[in-house]
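> One structure is given below, represented as C-alpha cells, and several questions about it will come after.
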Amino acid sequence: MNSTDIQNIHSLLSKPKKIAIVPHRNPDGDAYGSSLALYLFLKEMKHDVQVVSPNEAPAFLNWLPGREDVVIFEEDKAYARKIIEEAEIIFTMDFNALHRVGEPMQKVLESVKPIYILIDHHPEPDDFADYTYSDTKVCSTCQMLYQFFEMLGVTDKITKDMATCLYTGILTDTGSFRFPSTTSKTHLIAADLLDRGVEHAKIYNRIYENSISRLHLLGRALENLKYLKKYKTAYITLSNSELHSFNFKKGDTEGFVNYALSLEDTVLAAIFIEDKQQGIVKISFRSIGDFSVNDLARKYFNGGGHINAAGGRSELSLKETIHRFTSVLPQYEEQLNKDHE
Ligand SMILES: [Mn+2]
C-alpha cells in the first residue's frame, strides 16, 4: 500500500460512508478482532458501519467489544445482503480470496461493486480489491490494522475497546507471542495497546480458559496422537463420535494441533477432525522452519494458509484421509529430515 493509496483512503473516509466489514468464514481471534477493532473505529468516526460475518465465531470470542452488533450472514441472509448491497466500501479482513467466506456469501460479494479494501497477511491474495494491503511477514491482520491506523495517522483514536480487539488477534495469531512471526514491532504495538488500557491477563484467561469437557476431549486427542519418526511428523485424529462423547462445542479443538507440534523432533504436525454434518474432514497443519504447510495443503487438501500454519479439507472418510496424508509424506521425506531449527 503506497502513500497515494493511503491518501485516497484517507479522503474516502473523511465523510460518513456506508461501510461493511467482512471476516472469513469460521472467524478466529484475528479475523474477529481486526473486524471489530475497525468497526469500533469507523463507528467512532461517524460512519454507518456493520460487520457481516459469514457464520458464528467460536464461543471463546463472545465477550469481544462490539460482538453483539455483528450480523451473521448464514442466520440473517436478507439483512446481511442488504448491508452488503448498500455498502459504498467493503473491508475484507484476514483472508485472501472471496471463496473464504463460503459460497452463498461469495456470490453476494461478487455481485456488488463497492470499493473493496483488503487487509490480510495470507499469501497470494486474489486481485479483487481496489486497495490491497497484504503482507505475509506480519504476524496478524490485527497488527496490520494497527499499522494501517499508523499510516492514516489515527493511532491516537484507538480506544481501550479497539485495543482489546487488536490485542486479541495478535495474541491468538502469534500463539501468545511465541511464533516466529512475532517481531519487536509486534511487542511495541502490544505495549502501546497495554498503555491504552488493555487488560492482558483477563483477555488471556477468557480465550484460554477450559471447560471440563474440552480438557477431556484434549485428553482423547493426545491419546490418539501418532508419531511417524521417519517423517518427523505428528498427527492427531478425532472422529465424529469422539467429539460427541465429549460434548464438543465450536472452538473446543482450537490449538490442539500445537500439542502435536510441541512433540520433540517434530517438523510437521496435523490434526484431522471428522465433521459428519458437512461430510468432510477438517484439517489443520503446523510446521517449523521452512517446511511449507501452505504448499502441502494447497496441493493435496483443498486448502492453504501460511508457511507454518495452514488448513485444509477432505471429502474422503477419516481413515482414507489419513491414508492419503501418510501416502504423500514419502515425497517430502528429504525436506522433513533436513535441519530445521
Ligand atoms: Mn490471521
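Labels for the C-alpha cells follow display order: chains A, B, ..., residues from 1 in each chain, ligands from 1.
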Could you list the protein, DNA and RNA residues that have any atom within 8 Å of ligand 1, counting only C-alpha atoms and all ligand atoms, and write them as a CSV table (one decimal) with C-alpha atoms, in the first residue's frame?

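Output saved as result-v4.csv:
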chain,number,residue,atom,x,y,z
A,28,ASP,CA,-10.8,-16.8,14.5
A,29,GLY,CA,-9.5,-14.3,17.0
A,30,ASP,CA,-7.6,-12.4,14.4
A,31,ALA,CA,-10.4,-12.2,11.9
A,94,ASP,CA,-7.8,-11.7,7.3
A,95,PHE,CA,-8.5,-13.6,4.1
A,120,ASP,CA,-4.6,-9.5,5.2
A,121,HIS,CA,-1.5,-11.5,5.8
A,122,HIS,CA,-2.1,-14.7,3.9
A,139,CYS,CA,2.0,-12.0,12.3
A,140,SER,CA,-1.6,-11.0,12.2
A,141,THR,CA,-4.2,-8.9,10.5
A,142,CYS,CA,-4.7,-7.1,13.8
A,169,GLY,CA,-5.9,-11.1,17.3
A,173,ASP,CA,-2.3,-15.5,15.8
> List as a list in words the protein and nucleic acid residues near segment 70-81 of chain A, meaning an atom at most 8 Å away when only C-alpha atoms are counted, but skip any in the same chain fewer than 3 places from it.
Gln50, Val51, Val52, Ser53, Pro54, Asn55, Glu56, Gly66, Arg67, Ile84, Glu85, Met105 and Val108 of chain A
> Could the residues of segment 174-206 of chain A that have an atom at most 8 Å from segment 159-164 of chain A be listed as JSON lines, each with its closest atom pair and the distance in Å to one decimal, counting only C-alpha atoms and ordered by chain and ascending residue number?

{"residue": "A:Leu193", "atom": "CA", "partner": "A:Ala163", "partner_atom": "CA", "distance": 5.3}
{"residue": "A:Leu194", "atom": "CA", "partner": "A:Ala163", "partner_atom": "CA", "distance": 7.8}
{"residue": "A:Arg196", "atom": "CA", "partner": "A:Lys160", "partner_atom": "CA", "distance": 5.4}
{"residue": "A:Gly197", "atom": "CA", "partner": "A:Lys160", "partner_atom": "CA", "distance": 5.3}
{"residue": "A:Val198", "atom": "CA", "partner": "A:Thr164", "partner_atom": "CA", "distance": 5.4}
{"residue": "A:Glu199", "atom": "CA", "partner": "A:Thr164", "partner_atom": "CA", "distance": 7.6}
{"residue": "A:Ile203", "atom": "CA", "partner": "A:Thr164", "partner_atom": "CA", "distance": 7.8}
> Considering only C-alpha atoms, return as an mmCIF file with N, CA and C atoms, in the first residue's frame whatever protein or nucleic-acid residues lie within 6 Å of segment 283-286 of chain A, sequence-local ones (same chain, fewer than 2 positions apart) excluded.

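Okay, around35.cif is ready:
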data_model
loop_
_atom_site.group_PDB
_atom_site.id
_atom_site.type_symbol
_atom_site.label_atom_id
_atom_site.label_comp_id
_atom_site.auth_asym_id
_atom_site.auth_seq_id
_atom_site.Cartn_x
_atom_site.Cartn_y
_atom_site.Cartn_z
ATOM 1 N N LEU A 268 6.549 -31.478 11.135
ATOM 2 C CA LEU A 268 5.203 -31.334 10.578
ATOM 3 C C LEU A 268 4.173 -31.912 11.552
ATOM 4 N N ALA A 269 3.128 -31.143 11.809
ATOM 5 C CA ALA A 269 2.055 -31.615 12.691
ATOM 6 C C ALA A 269 0.714 -31.392 11.999
ATOM 7 N N ALA A 270 -0.238 -32.271 12.314
ATOM 8 C CA ALA A 270 -1.566 -32.125 11.712
ATOM 9 C C ALA A 270 -2.626 -32.635 12.665
ATOM 10 N N ILE A 271 -3.815 -32.097 12.515
ATOM 11 C CA ILE A 271 -4.973 -32.674 13.208
ATOM 12 C C ILE A 271 -6.082 -32.874 12.188
ATOM 13 N N PHE A 272 -6.723 -34.028 12.264
ATOM 14 C CA PHE A 272 -7.808 -34.390 11.346
ATOM 15 C C PHE A 272 -9.085 -34.536 12.162
ATOM 16 N N ASN A 308 3.899 -21.779 7.938
ATOM 17 C CA ASN A 308 3.935 -22.634 9.124
ATOM 18 C C ASN A 308 2.562 -22.977 9.716
ATOM 19 N N ALA A 309 1.509 -22.483 9.120
ATOM 20 C CA ALA A 309 0.163 -22.779 9.637
ATOM 21 C C ALA A 309 -0.809 -22.721 8.470
ATOM 22 N N ALA A 310 -1.523 -23.817 8.263
ATOM 23 C CA ALA A 310 -2.463 -23.839 7.138
ATOM 24 C C ALA A 310 -3.620 -24.770 7.471
ATOM 25 N N GLY A 311 -4.665 -24.659 6.682
ATOM 26 C CA GLY A 311 -5.831 -25.513 6.884
ATOM 27 C C GLY A 311 -6.179 -26.209 5.587
ATOM 28 N N GLY A 312 -6.960 -27.264 5.703
ATOM 29 C CA GLY A 312 -7.399 -27.960 4.512
ATOM 30 C C GLY A 312 -8.648 -28.757 4.817
ATOM 31 N N ARG A 313 -9.151 -29.443 3.787
ATOM 32 C CA ARG A 313 -10.339 -30.275 3.973
ATOM 33 C C ARG A 313 -10.271 -31.463 3.029
#
> Rank nothing, just name the residue among A:Ala57, A:Val138, A:Ala37, A:Leu261 nearest to Lys185 of chain A, using only C-alpha atoms.
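For Lys185 of chain A, the nearest of the candidates is A:Val138.
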> Quick one: residues within 8 Å of segment 322-338 of chain A, only C-alpha atoms counted, chain neighbours fewer than 6 positions away excluded, as a PDB file with C-alpha atoms, in the first residue's frame?

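The file below, part-v5.pdb, is the result:
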ATOM      1  CA  LYS A 230      10.765 -41.338   9.553  1.00  0.00           C
ATOM      2  CA  TYR A 231       8.964 -38.156   8.504  1.00  0.00           C
ATOM      3  CA  LYS A 232       9.281 -36.177  11.760  1.00  0.00           C
ATOM      4  CA  VAL A 267       8.735 -30.717  11.853  1.00  0.00           C
ATOM      5  CA  LEU A 268       5.203 -31.334  10.578  1.00  0.00           C
ATOM      6  CA  PHE A 272      -7.808 -34.390  11.346  1.00  0.00           C
ATOM      7  CA  PHE A 291       8.708 -26.594   5.567  1.00  0.00           C
TER       8      PHE A 291
END
> I need the residue nearest Pro180 of chain A from this list: A:Pro104, A:Gly153, A:Gly289, A:Pro123. Use only C-alpha atoms for the distance.
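With only C-alpha atoms as the atom set, the closest residue is A:Gly289.
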> I need the helix (DSSP H, G or I) residues of segment 31-132 of chain A per DSSP on the backbone, written as an MDAnalysis selection string.
chainID A and resid 31:44 59:61 67:69 77:86 98:101 103:111
> Write a file of the just-selected residues containing N, CA and C atoms, as a short mmCIF file (atom, residue, chain, number, x, y, z; two decimals), in the first residue's frame.

data_model
loop_
_atom_site.label_atom_id
_atom_site.label_comp_id
_atom_site.auth_asym_id
_atom_site.auth_seq_id
_atom_site.Cartn_x
_atom_site.Cartn_y
_atom_site.Cartn_z
N ALA A 31 -9.41 -12.64 12.80
CA ALA A 31 -10.44 -12.16 11.86
C ALA A 31 -11.49 -11.32 12.61
N TYR A 32 -11.94 -11.85 13.75
CA TYR A 32 -12.95 -11.12 14.52
C TYR A 32 -12.35 -9.90 15.21
N GLY A 33 -11.16 -10.06 15.76
CA GLY A 33 -10.51 -8.94 16.44
C GLY A 33 -10.28 -7.76 15.50
N SER A 34 -9.77 -8.06 14.29
CA SER A 34 -9.49 -6.97 13.34
C SER A 34 -10.80 -6.36 12.84
N SER A 35 -11.80 -7.19 12.57
CA SER A 35 -13.09 -6.67 12.08
C SER A 35 -13.74 -5.77 13.13
N LEU A 36 -13.71 -6.22 14.37
CA LEU A 36 -14.38 -5.43 15.43
C LEU A 36 -13.60 -4.17 15.79
N ALA A 37 -12.28 -4.24 15.78
CA ALA A 37 -11.48 -3.03 16.05
C ALA A 37 -11.77 -1.98 14.98
N LEU A 38 -11.81 -2.42 13.72
CA LEU A 38 -12.09 -1.50 12.62
C LEU A 38 -13.52 -0.97 12.72
N TYR A 39 -14.45 -1.86 13.08
CA TYR A 39 -15.85 -1.46 13.27
C TYR A 39 -15.97 -0.35 14.32
N LEU A 40 -15.35 -0.58 15.47
CA LEU A 40 -15.46 0.40 16.56
C LEU A 40 -14.83 1.73 16.14
N PHE A 41 -13.71 1.63 15.40
CA PHE A 41 -13.04 2.85 14.93
C PHE A 41 -13.93 3.64 13.96
N LEU A 42 -14.49 2.93 12.97
CA LEU A 42 -15.29 3.63 11.95
C LEU A 42 -16.59 4.17 12.53
N LYS A 43 -17.13 3.45 13.52
CA LYS A 43 -18.34 3.93 14.19
C LYS A 43 -18.04 5.24 14.92
N GLU A 44 -16.90 5.25 15.60
CA GLU A 44 -16.45 6.45 16.29
C GLU A 44 -16.29 7.62 15.31
N ALA A 59 -17.36 -19.62 20.74
CA ALA A 59 -17.86 -19.01 21.98
C ALA A 59 -16.77 -18.27 22.76
N PHE A 60 -15.51 -18.70 22.63
CA PHE A 60 -14.46 -18.05 23.42
C PHE A 60 -14.18 -16.62 22.96
N LEU A 61 -14.85 -16.19 21.88
CA LEU A 61 -14.71 -14.79 21.43
C LEU A 61 -15.96 -13.96 21.73
N ARG A 67 -19.13 -7.26 19.68
CA ARG A 67 -19.54 -8.59 19.21
C ARG A 67 -21.06 -8.69 19.01
N GLU A 68 -21.83 -8.06 19.90
CA GLU A 68 -23.29 -8.19 19.85
C GLU A 68 -23.89 -7.48 18.63
N ASP A 69 -23.12 -6.60 17.99
CA ASP A 69 -23.63 -5.88 16.82
C ASP A 69 -23.39 -6.62 15.50
N LYS A 77 -29.89 -13.80 6.29
CA LYS A 77 -29.42 -13.58 4.92
C LYS A 77 -29.94 -12.29 4.29
N ALA A 78 -31.24 -12.03 4.47
CA ALA A 78 -31.84 -10.87 3.79
C ALA A 78 -31.21 -9.57 4.29
N TYR A 79 -31.07 -9.46 5.60
CA TYR A 79 -30.49 -8.25 6.19
C TYR A 79 -29.01 -8.11 5.82
N ALA A 80 -28.29 -9.22 5.89
CA ALA A 80 -26.86 -9.20 5.57
C ALA A 80 -26.66 -8.78 4.10
N ARG A 81 -27.50 -9.33 3.24
CA ARG A 81 -27.41 -9.00 1.81
C ARG A 81 -27.66 -7.51 1.57
N LYS A 82 -28.64 -6.98 2.29
CA LYS A 82 -28.99 -5.55 2.16
C LYS A 82 -27.78 -4.68 2.56
N ILE A 83 -27.15 -5.04 3.65
CA ILE A 83 -25.98 -4.26 4.11
C ILE A 83 -24.88 -4.28 3.05
N ILE A 84 -24.63 -5.48 2.51
CA ILE A 84 -23.57 -5.62 1.50
C ILE A 84 -23.93 -4.85 0.24
N GLU A 85 -25.19 -4.95 -0.17
CA GLU A 85 -25.60 -4.27 -1.41
C GLU A 85 -25.57 -2.76 -1.29
N GLU A 86 -25.82 -2.27 -0.08
CA GLU A 86 -25.85 -0.81 0.11
C GLU A 86 -24.48 -0.22 0.42
N LEU A 98 -12.16 -14.45 -2.17
CA LEU A 98 -13.57 -14.33 -1.77
C LEU A 98 -14.23 -15.67 -1.41
N HIS A 99 -13.70 -16.76 -1.95
CA HIS A 99 -14.32 -18.06 -1.61
C HIS A 99 -14.16 -18.40 -0.13
N ARG A 100 -13.26 -17.69 0.57
CA ARG A 100 -13.06 -17.97 2.01
C ARG A 100 -14.27 -17.58 2.88
N VAL A 101 -15.25 -16.88 2.28
CA VAL A 101 -16.45 -16.56 3.06
C VAL A 101 -17.54 -17.62 2.89
N GLU A 103 -19.66 -20.20 -0.16
CA GLU A 103 -20.26 -19.93 -1.46
C GLU A 103 -21.45 -18.96 -1.46
N PRO A 104 -22.41 -19.12 -0.54
CA PRO A 104 -23.58 -18.23 -0.63
C PRO A 104 -23.20 -16.74 -0.48
N MET A 105 -22.30 -16.46 0.45
CA MET A 105 -21.92 -15.06 0.67
C MET A 105 -20.96 -14.58 -0.42
N GLN A 106 -20.13 -15.50 -0.92
CA GLN A 106 -19.22 -15.16 -2.02
C GLN A 106 -20.01 -14.62 -3.22
N LYS A 107 -21.14 -15.30 -3.52
CA LYS A 107 -21.97 -14.87 -4.67
C LYS A 107 -22.46 -13.44 -4.49
N VAL A 108 -22.87 -13.12 -3.25
CA VAL A 108 -23.36 -11.76 -2.99
C VAL A 108 -22.22 -10.76 -3.14
N LEU A 109 -21.06 -11.09 -2.58
CA LEU A 109 -19.92 -10.17 -2.66
C LEU A 109 -19.47 -9.95 -4.11
N GLU A 110 -19.61 -11.01 -4.92
CA GLU A 110 -19.21 -10.88 -6.33
C GLU A 110 -20.23 -10.10 -7.16
N SER A 111 -21.43 -9.97 -6.63
CA SER A 111 -22.49 -9.30 -7.41
C SER A 111 -22.52 -7.79 -7.17
#
> Could you go through segment 197-324 of chain A and tell me which residues DSSP, when run on the backbone, assigns to strand (DSSP E), listing them as a VMD selection string?
chain A and resid 226 to 228 233 to 238 268 to 275 280 to 287 304 to 305 309 to 314
> Would you save the residues of that selection, restricted to N, CA and C atoms, as a short mmCIF file (atom, residue, chain, number, x, y, z; two decimals), in the first residue's frame?

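Output contents, as saved in again_27.cif:
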data_model
loop_
_atom_site.label_atom_id
_atom_site.label_comp_id
_atom_site.auth_asym_id
_atom_site.auth_seq_id
_atom_site.Cartn_x
_atom_site.Cartn_y
_atom_site.Cartn_z
N LYS A 226 -0.25 -39.70 16.99
CA LYS A 226 0.69 -40.67 16.41
C LYS A 226 1.94 -39.94 15.94
N TYR A 227 3.06 -40.63 16.05
CA TYR A 227 4.31 -40.02 15.60
C TYR A 227 4.98 -40.89 14.54
N LEU A 228 5.29 -40.29 13.41
CA LEU A 228 5.97 -41.02 12.34
C LEU A 228 7.41 -40.52 12.29
N THR A 233 6.91 -36.39 11.73
CA THR A 233 5.52 -35.93 11.60
C THR A 233 4.67 -36.47 12.74
N ALA A 234 3.91 -35.57 13.37
CA ALA A 234 2.99 -35.98 14.43
C ALA A 234 1.58 -35.58 14.01
N TYR A 235 0.63 -36.49 14.22
CA TYR A 235 -0.74 -36.10 13.87
C TYR A 235 -1.76 -36.67 14.84
N ILE A 236 -2.87 -35.96 14.90
CA ILE A 236 -3.97 -36.29 15.81
C ILE A 236 -5.22 -36.53 14.98
N THR A 237 -6.04 -37.48 15.40
CA THR A 237 -7.34 -37.65 14.75
C THR A 237 -8.43 -37.52 15.81
N LEU A 238 -9.57 -36.99 15.41
CA LEU A 238 -10.76 -37.00 16.27
C LEU A 238 -11.96 -37.35 15.39
N LEU A 268 6.55 -31.48 11.14
CA LEU A 268 5.20 -31.33 10.58
C LEU A 268 4.17 -31.91 11.55
N ALA A 269 3.13 -31.14 11.81
CA ALA A 269 2.06 -31.62 12.69
C ALA A 269 0.71 -31.39 12.00
N ALA A 270 -0.24 -32.27 12.31
CA ALA A 270 -1.57 -32.13 11.71
C ALA A 270 -2.63 -32.64 12.66
N ILE A 271 -3.82 -32.10 12.52
CA ILE A 271 -4.97 -32.67 13.21
C ILE A 271 -6.08 -32.87 12.19
N PHE A 272 -6.72 -34.03 12.26
CA PHE A 272 -7.81 -34.39 11.35
C PHE A 272 -9.09 -34.54 12.16
N ILE A 273 -10.06 -33.70 11.85
CA ILE A 273 -11.29 -33.70 12.63
C ILE A 273 -12.48 -34.01 11.73
N GLU A 274 -13.17 -35.10 12.07
CA GLU A 274 -14.30 -35.52 11.25
C GLU A 274 -15.49 -34.60 11.49
N ASP A 275 -16.06 -34.08 10.41
CA ASP A 275 -17.25 -33.23 10.51
C ASP A 275 -18.37 -33.90 9.72
N ILE A 280 -17.23 -33.78 5.72
CA ILE A 280 -15.81 -33.59 5.38
C ILE A 280 -14.93 -33.90 6.60
N VAL A 281 -13.63 -33.97 6.33
CA VAL A 281 -12.65 -33.99 7.41
C VAL A 281 -11.93 -32.65 7.37
N LYS A 282 -11.97 -31.94 8.49
CA LYS A 282 -11.27 -30.66 8.57
C LYS A 282 -9.85 -30.90 9.05
N ILE A 283 -8.93 -30.21 8.44
CA ILE A 283 -7.52 -30.46 8.74
C ILE A 283 -6.81 -29.16 9.09
N SER A 284 -5.99 -29.19 10.14
CA SER A 284 -5.07 -28.08 10.41
C SER A 284 -3.65 -28.61 10.35
N PHE A 285 -2.80 -27.84 9.72
CA PHE A 285 -1.39 -28.22 9.63
C PHE A 285 -0.53 -27.16 10.33
N ARG A 286 0.55 -27.62 10.95
CA ARG A 286 1.55 -26.71 11.50
C ARG A 286 2.92 -27.26 11.13
N SER A 287 3.91 -26.36 11.04
CA SER A 287 5.27 -26.83 10.78
C SER A 287 6.24 -25.89 11.42
N GLY A 304 -4.96 -24.11 2.25
CA GLY A 304 -3.84 -23.20 2.15
C GLY A 304 -3.72 -22.41 3.44
N GLY A 305 -2.86 -21.41 3.42
CA GLY A 305 -2.68 -20.62 4.62
C GLY A 305 -1.32 -19.97 4.60
N ALA A 309 1.51 -22.48 9.12
CA ALA A 309 0.16 -22.78 9.64
C ALA A 309 -0.81 -22.72 8.47
N ALA A 310 -1.52 -23.82 8.26
CA ALA A 310 -2.46 -23.84 7.14
C ALA A 310 -3.62 -24.77 7.47
N GLY A 311 -4.67 -24.66 6.68
CA GLY A 311 -5.83 -25.51 6.88
C GLY A 311 -6.18 -26.21 5.59
N GLY A 312 -6.96 -27.26 5.70
CA GLY A 312 -7.40 -27.96 4.51
C GLY A 312 -8.65 -28.76 4.82
N ARG A 313 -9.15 -29.44 3.79
CA ARG A 313 -10.34 -30.27 3.97
C ARG A 313 -10.27 -31.46 3.03
N SER A 314 -11.01 -32.49 3.40
CA SER A 314 -11.02 -33.68 2.57
C SER A 314 -12.43 -34.22 2.56
#
> Name all residues at most 12 Å from Leu215 of chain A (count only C-alpha atoms; drop same-chain ones fewer than 4 positions away) and give them as a ChimeraX atom specification.
/A:208-211,219-222,246-248,252-254,256
> Could you check the closest approach to Lys137 of chain A for each of A:Ser181, A:Leu118, A:Glu264, A:Met93 and tell me which residue wins, using only C-alpha atoms?
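Among the listed residues, A:Ser181 lies closest to Lys137 of chain A.
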> What is the atom CA of Lys299 of chain A to atom CA of Glu320 of chain A distance in Å?
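Between atom CA of Lys299 of chain A and atom CA of Glu320 of chain A the gap is 16.8 Å.
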> Go through A:Leu217, A:Ile117, A:Leu263, A:Leu225 one by one, measure the shortest atom-to-atom distance of each to Thr92 of chain A using only C-alpha atoms, and give the residue with the smallest value.
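Checking each of A:Leu217, A:Ile117, A:Leu263, A:Leu225 against Thr92 of chain A, counting only C-alpha atoms, the winner is A:Ile117.
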> Pick from A:Gln277, A:Gln7, A:Asn96, A:Ser184: nearest to Asp126 of chain A, with only C-alpha atoms counted?
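Counting only C-alpha atoms, the residue closest to Asp126 of chain A is A:Asn96.
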